[in-house]
Structures are given as C-alpha cells and as structure tokens.
Amino acid sequence: MLSLSQFPQRAAAINGRGIATIYKGRKRTWREFLTRVQKAAGMLQGLGLTDDDRVAILSPNSDTYMEYLFSVNWAGGVLVPINTRLTEREVADWINDAGARILVVSEDYIEMAAKIRSNLPTIQTVVCIGESSAAPDMYSHEKLLAEAPAIADAGRKDQDLAALFYTGGTTGKSKGVMITHAGLYINILQWINAVGVTTDDRFLLVPPMFHAAGGENSMAVVALAATAYIPPRFDVLATLQAIEDERLTKLPLVATMLDMVVNHPRVDEFNLSSISKVTYGASPIHHRVLRRSLEVFPQAAFYQIFGQTEGGPTVTVLPSKYHVTSGPHAGKLKSAGIPIIGVELKIVDDRDRELTNGETGEMCVRGAGVSPGYWNLPEETTRALRGGWMHTGDAGFLDEDGFLYIADRIKDMIISGGENIYAAEVEAVLLKHETIAECAVIGIPSEKWGEQVHAIVRTVEGASMTEQQLIDFCRSSLADYKCIRSVAFREEPFPLSAANKVLKRELRKPYWQEKDAPI
C-alpha cells in the first residue's frame, strides 16, 4: 500500500521531538505536526467532507499550508492548490472546474474569497487560516481545529486521487492534472534518491506549495522527517539571513531566484557555509550564474531538476558532477540531465515513431509517477497518454550519453521567473480587443526573469493602438505575471509553415541571437 498519509506517521514515529516546521519564529515538532494533521482531517469531515471531495486552498506558504498537504488526504479528500497570482476570475474558474466543496484561504485572500463567493456554486464552506479573525461567513481554522477530534486515516492509497494540480492550457483553458497517492509517493522517493537529501537536512521552502515542485519539496521534508524553514514569500536578503541564522542545508530555487541570490550586492556579508545542496529548475543555469554560484556556495552540490506536472512532476535531474565548465564532465550544462530511476524517456516523431540519439522530436515519459490524465477531459487524456506514454508537448533530443536537451516548446510555453505562461492563453485575451487583427505571443530575453512575455501584433486597417493601452487591456483579464511586458507592431503578414501555422521560431530569432536559446 502506498499512501501519502504514511509520511507524517513515520515522521512522528522516528523523529517525534524533532523540529518539523519553522514559520515566523514558530516551531512545531513532528509529533505536533501529525496531531494537527489528524485534527484538521477531523475538522474537514465535520464540515461535511467525504471521500473524493475536493478542497481548494488559496494561500502563500505557511506551516498550516504544509499540514493541509496531508490533512485533506487523511480526511479522504483531494487537494486543489490554487495559484495565488491568479485574477479573481481565474481563481473562480479553477475552483469551479474542480467542483471543490471547501475553500481554505489565508487572511491575505479573505477579501477575494468574499468577492467571488457568489460565483462558486459548489463551495459550501470557507475556512480562514492566519492571525486575523475570519469574515462573518467564514470559519476560523484554529478555532475549528481546537474543537476537532483527531481522527484515524481515511485509508486513501495507491491509485486513489490525491491532488489536482492545475496547469495552463495550450488552448487558453487550464487543466487539472490528476495526481495519485502512489504516483506522488514514488516520485518523491525518486527525487530524494536523485538529490541525496536526508533526515538531517534543513530545507528552505521557497517554491510555492501550489506548484507541483513546491508541493513535492514540502512532502519530501515530511517523508524524511527533516526540518522545513518556511518564509511566507521570497526575499533575497531574508533568504540570506535565514541561511545564516538557521544553518539551512538545502536551497531549492528557480534559476532566476538563484541568480538574484548569488549576485546580490550584500551576499558576501552572510555566512552561507551550511548549504550543502542547491536544486534549481525552470531553465538551465547560465555559465555566468554557475561560476558565481560556485564562488558563493563552494561546498554545495548543485542539481538541475526538470519535469512537468503530468510527469510526476520530476522527470530528469542533472547531477552535481556535471555542474562544471571544464574537465571530463563538462559540456552537459545546457542539458536537462538524465531520467531519474524508474522513469523511461523517449523521443518520437509526429507519427509516434521513436527517433535515434541526436534527432529532435516530442519527449514522451513513462513511469509509476506519471499522471493518469486530466480532470474531466477524457479526450485530452487519451490523446496525451496514447500508447501508454505521456506525451509532454515539449520537443527535445537525447545525446549519446542519454542526456536530455530541450529544443523547443510544442505547447508554446514561456517560462518567466519560474512561472509557466502559455502563449495561447495570452493570445486569446489579446484577440478580444477590437483593434487586433492578428497576434503572436513569444518569450524574449529578460535579465531579471530569464524571459518576458512579448506580443507581436497586427492591427485592423485604420486602427490606432499604443503599447501601453494593449498592456493595460491584458491586465484587465489576466494575472499580472502572465501579462505582456512589451509590444511590437507589425504590418507585414506573419511567417507561416506549410500547414499555415505561425512560425514562432522565426519571430523569436531576432531577439535570441547571441543569447542562450530559450527552452
């Protein structure tokens, strides 16, 4: 039996008095963590939760959020983490698509929850976590918890649904990626093996828990009975101070965050010698950033993590020994690494025929951690899982040593500051503007974020439009991180393929010349 509930039970059994979480100066042991999970599960069942009911959570990282990663499943439910950077409309769309019955919000999102409550027909109860009192029609998490019984685990396991992690869609509609108990359980153990973390590690949990990668880091801490230091948000100076004060050992960041940390003007003022492992993702590391990172953390082992929510999420890891610019292991830095144990990876053409090393095609993944498909989207599930392989929508190739290189994005995705942004979603908004005849959204280089969202547009004949007007229009419908940052107006037709599709690779070329290619 593989159940996520086994993790907090084991943590309390083997390290009950050990520190589980540190949040805003508050420390809780693993014994306390397990008791709060059991009582929160009792609270949820008392609010009417039954097997397979969905519980949505809208909150920044906290110790209570980390407890919810397990209490929802303990109660028999399915967790639905909501991206805190979404607009009110987008939040409502995710919750309604999941058909969640209970909504958990932090005090930061009480006002938003109140505004959209009338547009959430399936939500029966709203629970507020945090220091502030809940709104009149909301329940206080801590008050309910104090009165709730510590219940036995509901027994969810194996192929039972554990979570729905929503991802942007190529057609502009987000999709709920189904994650099972067994899939996530196994992928967490695979990740732990690949990175070499242990019970003695002290994690800095910066990645948002609403992302699959952030959730997986958090669950790995519980699986190991290690310690989690949880800042409510990412701040470079606060991160450096926490490393020094708490003697943190494990630093997980997206590549752009790592760049900000190691190149901060005050970085040399802090004692960072405790860091032994650095994991990063979202994009390969630039040689410049690696050189500086090795200066700042000379004692640390570096690992690049690549994956996607549908893949478990972790698919490949670039081991530490390849984070070098000279010697026998040099030359792999631009790769995404090798498949983790238990993951099969192949490259296929448009007819699903396997390609040889060096040939570029679609990356396909198979393994116990792979998602069984998309929530309430049977046709898309069948298409993605044809032949028993998850078709990732990313294009790449394998070299003679089995290292994966990502060549392009079949799904046309932009990665800005570690966030996945689907061009089709942005284009769908822009095309609603009456002056836009045609548009293409691409990622262009950004020193700060790696990539930024850029629109190339053709206006209808005789129409007048400014860059700022179009940016403002975009912001009225999309979360800020998805919005265009720049616009290029174009009079000539877009370059087209033989299938009459816009050749975005040609549109990107002028921006990426003499730059590292986008991935």
# chains A, B, ... in the order shown; residues from 1 in each chain; ligands from 1
call {"tool": "residues_around", "arguments": {"residues": "stretch 390-397 of chain A", "least_positions_apart": "6", "cutoff": "7 Å", "atoms": "only C-alpha atoms", "output": "list of chain:residue names"}}
result
A:Ile347, A:Asn357, A:Gly358, A:Glu359, A:Thr360, A:Gly361, A:Glu362, A:Met363, A:Cys364, A:Val365, A:Arg366, A:Ala384, A:Leu404, A:Tyr405, A:Ile406, A:Ala407, A:Asp408, A:Arg409, A:Ile410, A:Lys411
call {"tool": "residues_around", "arguments": {"residues": "A:Val502", "least_positions_apart": "5", "cutoff": "12 Å", "atoms": "only C-alpha atoms", "output": "ChimeraX atom specification"}}
result
/A:412,438-442,456,493-497,507-508
call {"tool": "atom_distance", "arguments": {"atom1": "atom CA of A:Leu161", "atom2": "atom CA of A:Ala424"}}
result
28.7 Å
call {"tool": "closest_residue", "arguments": {"among": "A:Cys483, A:Leu69, A:Leu503, A:Ile192", "to": "A:Arg85", "atoms": "only C-alpha atoms"}}
result
A:Cys483
call {"tool": "residues_around", "arguments": {"residues": "stretch 458-468 of chain A", "least_positions_apart": "3", "cutoff": "10 Å", "atoms": "only C-alpha atoms", "output": "mmCIF file with N, CA, C and O atoms, in the first residue's frame"}}
result
data_model
loop_
_atom_site.group_PDB
_atom_site.id
_atom_site.type_symbol
_atom_site.label_atom_id
_atom_site.label_comp_id
_atom_site.auth_asym_id
_atom_site.auth_seq_id
_atom_site.Cartn_x
_atom_site.Cartn_y
_atom_site.Cartn_z
ATOM 1 N N HIS A 433 -9.593 42.178 -28.265
ATOM 2 C CA HIS A 433 -9.558 43.626 -28.486
ATOM 3 C C HIS A 433 -9.947 43.926 -29.933
ATOM 4 O O HIS A 433 -9.422 43.317 -30.867
ATOM 5 N N GLU A 434 -10.821 44.860 -30.085
ATOM 6 C CA GLU A 434 -11.407 45.126 -31.409
ATOM 7 C C GLU A 434 -10.400 45.623 -32.438
ATOM 8 O O GLU A 434 -10.649 45.531 -33.650
ATOM 9 N N THR A 435 -9.258 46.150 -32.002
ATOM 10 C CA THR A 435 -8.295 46.676 -32.979
ATOM 11 C C THR A 435 -7.275 45.645 -33.437
ATOM 12 O O THR A 435 -6.497 45.910 -34.355
ATOM 13 N N ILE A 436 -7.252 44.450 -32.804
ATOM 14 C CA ILE A 436 -6.231 43.446 -33.121
ATOM 15 C C ILE A 436 -6.731 42.499 -34.200
ATOM 16 O O ILE A 436 -7.729 41.797 -34.026
ATOM 17 N N ALA A 437 -6.013 42.466 -35.302
ATOM 18 C CA ALA A 437 -6.363 41.554 -36.390
ATOM 19 C C ALA A 437 -5.649 40.216 -36.239
ATOM 20 O O ALA A 437 -6.199 39.165 -36.546
ATOM 21 N N GLU A 438 -4.444 40.276 -35.747
ATOM 22 C CA GLU A 438 -3.626 39.063 -35.631
ATOM 23 C C GLU A 438 -2.552 39.315 -34.578
ATOM 24 O O GLU A 438 -2.067 40.444 -34.434
ATOM 25 N N CYS A 439 -2.190 38.270 -33.828
ATOM 26 C CA CYS A 439 -1.139 38.458 -32.835
ATOM 27 C C CYS A 439 -0.387 37.157 -32.605
ATOM 28 O O CYS A 439 -0.895 36.066 -32.869
ATOM 29 N N ALA A 440 0.811 37.302 -32.106
ATOM 30 C CA ALA A 440 1.636 36.160 -31.705
ATOM 31 C C ALA A 440 2.366 36.550 -30.433
ATOM 32 O O ALA A 440 2.971 37.626 -30.362
ATOM 33 N N ALA A 455 4.430 40.598 -27.099
ATOM 34 C CA ALA A 455 3.386 40.428 -28.127
ATOM 35 C C ALA A 455 3.807 41.089 -29.435
ATOM 36 O O ALA A 455 4.317 42.218 -29.438
ATOM 37 N N ILE A 471 -1.107 46.709 -23.083
ATOM 38 C CA ILE A 471 -0.659 46.121 -21.810
ATOM 39 C C ILE A 471 -1.761 46.256 -20.761
ATOM 40 O O ILE A 471 -2.071 45.304 -20.030
ATOM 41 N N ASP A 472 -2.386 47.432 -20.682
ATOM 42 C CA ASP A 472 -3.469 47.656 -19.719
ATOM 43 C C ASP A 472 -4.665 46.751 -20.010
ATOM 44 O O ASP A 472 -5.299 46.220 -19.087
ATOM 45 N N PHE A 473 -4.965 46.556 -21.279
ATOM 46 C CA PHE A 473 -6.077 45.685 -21.667
ATOM 47 C C PHE A 473 -5.809 44.252 -21.213
ATOM 48 O O PHE A 473 -6.694 43.564 -20.700
ATOM 49 N N CYS A 474 -4.570 43.826 -21.382
ATOM 50 C CA CYS A 474 -4.190 42.472 -20.973
ATOM 51 C C CYS A 474 -4.348 42.304 -19.461
ATOM 52 O O CYS A 474 -4.856 41.288 -18.977
ATOM 53 N N ILE A 484 1.554 40.719 -20.958
ATOM 54 C CA ILE A 484 2.627 41.159 -21.849
ATOM 55 C C ILE A 484 3.390 42.313 -21.211
ATOM 56 O O ILE A 484 2.824 43.138 -20.497
ATOM 57 N N ARG A 485 4.693 42.344 -21.437
ATOM 58 C CA ARG A 485 5.549 43.412 -20.925
ATOM 59 C C ARG A 485 5.992 44.358 -22.032
ATOM 60 O O ARG A 485 6.474 45.452 -21.755
ATOM 61 N N SER A 486 5.856 43.911 -23.267
ATOM 62 C CA SER A 486 6.277 44.734 -24.400
ATOM 63 C C SER A 486 5.492 44.320 -25.639
ATOM 64 O O SER A 486 4.946 43.211 -25.707
ATOM 65 N N VAL A 487 5.435 45.241 -26.600
ATOM 66 C CA VAL A 487 4.655 45.011 -27.821
ATOM 67 C C VAL A 487 5.454 45.486 -29.028
ATOM 68 O O VAL A 487 6.111 46.528 -28.980
ATOM 69 N N ALA A 488 5.412 44.714 -30.096
ATOM 70 C CA ALA A 488 5.963 45.134 -31.384
ATOM 71 C C ALA A 488 4.816 45.146 -32.393
ATOM 72 O O ALA A 488 4.096 44.144 -32.525
ATOM 73 N N PHE A 489 4.616 46.272 -33.068
ATOM 74 C CA PHE A 489 3.564 46.371 -34.076
ATOM 75 C C PHE A 489 4.144 46.010 -35.433
ATOM 76 O O PHE A 489 5.251 46.408 -35.782
ATOM 77 N N ARG A 490 3.387 45.239 -36.183
ATOM 78 C CA ARG A 490 3.876 44.669 -37.428
ATOM 79 C C ARG A 490 2.853 44.917 -38.526
ATOM 80 O O ARG A 490 1.647 44.779 -38.307
ATOM 81 N N GLU A 491 3.342 45.266 -39.722
ATOM 82 C CA GLU A 491 2.432 45.485 -40.850
ATOM 83 C C GLU A 491 2.409 44.298 -41.795
ATOM 84 O O GLU A 491 1.362 43.952 -42.342
ATOM 85 N N GLU A 492 3.558 43.641 -41.969
ATOM 86 C CA GLU A 492 3.619 42.529 -42.904
ATOM 87 C C GLU A 492 3.018 41.271 -42.292
ATOM 88 O O GLU A 492 2.973 41.134 -41.060
ATOM 89 N N PRO A 493 2.550 40.330 -43.084
ATOM 90 C CA PRO A 493 1.966 39.076 -42.573
ATOM 91 C C PRO A 493 2.991 38.279 -41.770
ATOM 92 O O PRO A 493 4.205 38.402 -41.973
ATOM 93 N N PHE A 494 2.495 37.450 -40.869
ATOM 94 C CA PHE A 494 3.375 36.587 -40.092
ATOM 95 C C PHE A 494 3.935 35.469 -40.972
ATOM 96 O O PHE A 494 3.254 34.995 -41.898
#
call {"tool": "residues_around", "arguments": {"residues": "stretch 180-186 of chain A", "least_positions_apart": "2", "cutoff": "8 Å", "atoms": "only C-alpha atoms", "output": "CSV table (one decimal) with N, CA and C atoms, in the first residue's frame"}}
result
chain,number,residue,atom,x,y,z
A,2,LEU,N,0.6,2.2,-0.9
A,2,LEU,CA,1.3,3.4,-1.0
A,2,LEU,C,0.3,4.6,-0.7
A,3,SER,N,0.6,5.2,0.4
A,3,SER,CA,-0.3,6.3,0.8
A,3,SER,C,0.5,7.5,1.4
A,4,LEU,N,0.1,8.7,1.0
A,4,LEU,CA,0.9,9.9,1.5
A,4,LEU,C,0.7,10.0,3.0
A,156,ARG,N,-7.0,6.3,2.2
A,156,ARG,CA,-6.8,6.6,0.7
A,156,ARG,C,-5.4,6.1,0.3
A,157,LYS,N,-5.2,5.5,-0.8
A,157,LYS,CA,-4.0,4.9,-1.2
A,157,LYS,C,-3.9,4.6,-2.7
A,158,ASP,N,-2.7,4.2,-3.1
A,158,ASP,CA,-2.4,3.6,-4.4
A,158,ASP,C,-3.0,4.5,-5.5
A,159,GLN,N,-3.9,4.0,-6.3
A,159,GLN,CA,-4.4,4.8,-7.4
A,159,GLN,C,-5.6,5.8,-7.0
A,160,ASP,N,-5.9,5.9,-5.8
A,160,ASP,CA,-6.8,6.9,-5.3
A,160,ASP,C,-6.3,8.3,-5.7
A,161,LEU,N,-7.1,9.2,-6.0
A,161,LEU,CA,-6.7,10.6,-6.4
A,161,LEU,C,-6.3,11.3,-5.1
A,162,ALA,N,-5.1,11.9,-5.2
A,162,ALA,CA,-4.6,12.7,-4.0
A,162,ALA,C,-4.7,14.2,-4.3
A,163,ALA,N,-4.5,14.7,-5.5
A,163,ALA,CA,-4.5,16.1,-5.7
A,163,ALA,C,-4.8,16.4,-7.2
A,178,MET,N,-4.4,15.2,-12.8
A,178,MET,CA,-4.7,14.3,-11.7
A,178,MET,C,-3.4,13.6,-11.2
A,188,ILE,N,8.3,11.2,-5.2
A,188,ILE,CA,9.0,11.9,-4.0
A,188,ILE,C,10.2,11.1,-3.7
A,189,LEU,N,10.1,9.7,-3.6
A,189,LEU,CA,11.2,8.9,-3.2
A,189,LEU,C,12.3,8.9,-4.3
A,190,GLN,N,11.8,9.0,-5.6
A,190,GLN,CA,12.8,9.1,-6.7
A,190,GLN,C,13.6,10.4,-6.6
A,216,GLU,N,6.1,19.1,-3.9
A,216,GLU,CA,6.9,17.9,-3.8
A,216,GLU,C,8.1,18.1,-2.8
A,312,GLY,N,4.9,13.8,-13.0
A,312,GLY,CA,5.1,13.2,-11.7
A,312,GLY,C,5.3,14.1,-10.5
A,368,ALA,N,5.9,5.1,-12.9
A,368,ALA,CA,4.9,5.0,-11.9
A,368,ALA,C,4.4,6.3,-11.4
A,369,GLY,N,5.2,7.4,-11.6
A,369,GLY,CA,4.8,8.7,-11.1
A,369,GLY,C,4.0,9.5,-12.1
A,370,VAL,N,3.9,9.0,-13.3
A,370,VAL,CA,3.2,9.8,-14.3
A,370,VAL,C,1.7,9.9,-14.0
A,371,SER,N,1.1,11.1,-14.3
A,371,SER,CA,-0.3,11.4,-14.0
A,371,SER,C,-1.2,10.4,-14.9
A,372,PRO,N,-2.3,10.0,-14.3
A,372,PRO,CA,-3.3,9.2,-15.1
A,372,PRO,C,-4.1,10.1,-16.1
call {"tool": "atom_distance", "arguments": {"atom1": "atom CA of A:Gly387", "atom2": "atom CA of A:Gly367"}}
result
13.1 Å
call {"tool": "residues_around", "arguments": {"residues": "A:Tyr280", "least_positions_apart": "6", "cutoff": "6 Å", "atoms": "only C-alpha atoms", "output": "MDAnalysis selection string"}}
result
chainID A and resid 252:255 304
call {"tool": "select_by_dssp", "arguments": {"residues": "stretch 287-448 of chain A", "states": "helix (DSSP H, G or I)", "output": "count of residues only"}}
result
34
call {"tool": "residues_around", "arguments": {"residues": "A:Tyr68", "least_positions_apart": "6", "cutoff": "10 Å", "atoms": "only C-alpha atoms", "output": "ChimeraX atom specification"}}
result
/A:36-37,40-41,55,57,62,74,79,81,104
call {"tool": "write_last_selection", "arguments": {"atoms": "N, CA and C atoms", "output": "PDB file, in the first residue's frame"}}
result
ATOM      1  N   ARG A  36      -1.850  17.780  14.466  1.00  0.00           N
ATOM      2  CA  ARG A  36      -2.594  18.836  13.767  1.00  0.00           C
ATOM      3  C   ARG A  36      -3.169  18.321  12.447  1.00  0.00           C
ATOM      4  N   VAL A  37      -2.445  17.440  11.751  1.00  0.00           N
ATOM      5  CA  VAL A  37      -2.980  16.818  10.538  1.00  0.00           C
ATOM      6  C   VAL A  37      -4.226  15.999  10.879  1.00  0.00           C
ATOM      7  N   ALA A  40      -7.065  18.413  11.848  1.00  0.00           N
ATOM      8  CA  ALA A  40      -7.573  19.144  10.685  1.00  0.00           C
ATOM      9  C   ALA A  40      -8.425  18.228   9.815  1.00  0.00           C
ATOM     10  N   ALA A  41      -8.038  16.952   9.715  1.00  0.00           N
ATOM     11  CA  ALA A  41      -8.846  15.986   8.973  1.00  0.00           C
ATOM     12  C   ALA A  41     -10.202  15.812   9.652  1.00  0.00           C
ATOM     13  N   VAL A  55     -10.903  19.880  -1.920  1.00  0.00           N
ATOM     14  CA  VAL A  55     -10.669  21.015  -1.029  1.00  0.00           C
ATOM     15  C   VAL A  55      -9.665  21.938  -1.717  1.00  0.00           C
ATOM     16  N   ILE A  57      -7.275  25.313  -1.834  1.00  0.00           N
ATOM     17  CA  ILE A  57      -6.550  26.153  -0.875  1.00  0.00           C
ATOM     18  C   ILE A  57      -5.867  27.292  -1.616  1.00  0.00           C
ATOM     19  N   SER A  62       3.005  28.411   4.285  1.00  0.00           N
ATOM     20  CA  SER A  62       2.977  28.528   5.749  1.00  0.00           C
ATOM     21  C   SER A  62       3.070  27.128   6.336  1.00  0.00           C
ATOM     22  N   TRP A  74      -5.798  12.758   4.469  1.00  0.00           N
ATOM     23  CA  TRP A  74      -6.089  11.997   5.679  1.00  0.00           C
ATOM     24  C   TRP A  74      -7.599  11.912   5.897  1.00  0.00           C
ATOM     25  N   LEU A  79      -6.804  17.341  -2.672  1.00  0.00           N
ATOM     26  CA  LEU A  79      -6.307  18.704  -2.529  1.00  0.00           C
ATOM     27  C   LEU A  79      -6.261  19.409  -3.878  1.00  0.00           C
ATOM     28  N   PRO A  81      -4.578  22.856  -4.962  1.00  0.00           N
ATOM     29  CA  PRO A  81      -3.837  24.088  -4.675  1.00  0.00           C
ATOM     30  C   PRO A  81      -4.114  25.136  -5.756  1.00  0.00           C
ATOM     31  N   VAL A 104     -10.218  26.851   1.418  1.00  0.00           N
ATOM     32  CA  VAL A 104      -9.369  27.309   2.519  1.00  0.00           C
ATOM     33  C   VAL A 104      -8.569  28.499   2.013  1.00  0.00           C
TER      34      VAL A 104
END
call {"tool": "closest_residue", "arguments": {"among": "A:Arg202, A:Ala213, A:Asn119, A:Tyr229", "to": "A:Glu310", "atoms": "only C-alpha atoms"}}
result
A:Ala213
call {"tool": "select_by_dssp", "arguments": {"residues": "stretch 47-115 of chain A", "states": "strand (DSSP E or B)", "output": "PyMOL selection string"}}
result
chain A and resi 54-58+78-81+102-106
call {"tool": "write_last_selection", "arguments": {"atoms": "N, CA, C and O atoms", "output": "PDB file, in the first residue's frame"}}
result
ATOM      1  N   ARG A  54     -13.301  17.569  -3.168  1.00  0.00           N
ATOM      2  CA  ARG A  54     -12.138  18.418  -3.392  1.00  0.00           C
ATOM      3  C   ARG A  54     -12.114  19.581  -2.403  1.00  0.00           C
ATOM      4  O   ARG A  54     -13.149  20.191  -2.119  1.00  0.00           O
ATOM      5  N   VAL A  55     -10.903  19.880  -1.920  1.00  0.00           N
ATOM      6  CA  VAL A  55     -10.669  21.015  -1.029  1.00  0.00           C
ATOM      7  C   VAL A  55      -9.665  21.938  -1.717  1.00  0.00           C
ATOM      8  O   VAL A  55      -8.519  21.549  -1.968  1.00  0.00           O
ATOM      9  N   ALA A  56     -10.104  23.155  -2.045  1.00  0.00           N
ATOM     10  CA  ALA A  56      -9.219  24.133  -2.678  1.00  0.00           C
ATOM     11  C   ALA A  56      -8.540  24.971  -1.605  1.00  0.00           C
ATOM     12  O   ALA A  56      -9.148  25.303  -0.584  1.00  0.00           O
ATOM     13  N   ILE A  57      -7.275  25.313  -1.834  1.00  0.00           N
ATOM     14  CA  ILE A  57      -6.550  26.153  -0.875  1.00  0.00           C
ATOM     15  C   ILE A  57      -5.867  27.292  -1.616  1.00  0.00           C
ATOM     16  O   ILE A  57      -5.188  27.079  -2.622  1.00  0.00           O
ATOM     17  N   LEU A  58      -6.100  28.508  -1.126  1.00  0.00           N
ATOM     18  CA  LEU A  58      -5.556  29.728  -1.719  1.00  0.00           C
ATOM     19  C   LEU A  58      -4.771  30.449  -0.625  1.00  0.00           C
ATOM     20  O   LEU A  58      -5.352  31.105   0.232  1.00  0.00           O
ATOM     21  N   VAL A  78      -9.445  15.334  -1.753  1.00  0.00           N
ATOM     22  CA  VAL A  78      -8.487  15.600  -2.831  1.00  0.00           C
ATOM     23  C   VAL A  78      -8.089  17.070  -2.740  1.00  0.00           C
ATOM     24  O   VAL A  78      -8.959  17.957  -2.736  1.00  0.00           O
ATOM     25  N   LEU A  79      -6.804  17.341  -2.672  1.00  0.00           N
ATOM     26  CA  LEU A  79      -6.307  18.704  -2.529  1.00  0.00           C
ATOM     27  C   LEU A  79      -6.261  19.409  -3.878  1.00  0.00           C
ATOM     28  O   LEU A  79      -5.820  18.834  -4.872  1.00  0.00           O
ATOM     29  N   VAL A  80      -6.690  20.680  -3.902  1.00  0.00           N
ATOM     30  CA  VAL A  80      -6.629  21.502  -5.119  1.00  0.00           C
ATOM     31  C   VAL A  80      -5.896  22.800  -4.783  1.00  0.00           C
ATOM     32  O   VAL A  80      -6.503  23.779  -4.334  1.00  0.00           O
ATOM     33  N   PRO A  81      -4.578  22.856  -4.962  1.00  0.00           N
ATOM     34  CA  PRO A  81      -3.837  24.088  -4.675  1.00  0.00           C
ATOM     35  C   PRO A  81      -4.114  25.136  -5.756  1.00  0.00           C
ATOM     36  O   PRO A  81      -4.107  24.832  -6.958  1.00  0.00           O
ATOM     37  N   ILE A 102     -15.030  22.705  -0.308  1.00  0.00           N
ATOM     38  CA  ILE A 102     -14.483  23.525   0.762  1.00  0.00           C
ATOM     39  C   ILE A 102     -13.351  24.374   0.192  1.00  0.00           C
ATOM     40  O   ILE A 102     -12.521  23.884  -0.580  1.00  0.00           O
ATOM     41  N   LEU A 103     -13.339  25.657   0.583  1.00  0.00           N
ATOM     42  CA  LEU A 103     -12.274  26.571   0.171  1.00  0.00           C
ATOM     43  C   LEU A 103     -11.537  27.032   1.427  1.00  0.00           C
ATOM     44  O   LEU A 103     -12.150  27.529   2.374  1.00  0.00           O
ATOM     45  N   VAL A 104     -10.218  26.851   1.418  1.00  0.00           N
ATOM     46  CA  VAL A 104      -9.369  27.309   2.519  1.00  0.00           C
ATOM     47  C   VAL A 104      -8.569  28.499   2.013  1.00  0.00           C
ATOM     48  O   VAL A 104      -7.902  28.412   0.968  1.00  0.00           O
ATOM     49  N   VAL A 105      -8.645  29.630   2.735  1.00  0.00           N
ATOM     50  CA  VAL A 105      -7.925  30.829   2.311  1.00  0.00           C
ATOM     51  C   VAL A 105      -7.115  31.379   3.478  1.00  0.00           C
ATOM     52  O   VAL A 105      -7.498  31.245   4.641  1.00  0.00           O
ATOM     53  N   SER A 106      -5.986  31.994   3.156  1.00  0.00           N
ATOM     54  CA  SER A 106      -5.238  32.712   4.180  1.00  0.00           C
ATOM     55  C   SER A 106      -5.867  34.087   4.345  1.00  0.00           C
ATOM     56  O   SER A 106      -6.708  34.521   3.537  1.00  0.00           O
TER      57      SER A 106
END
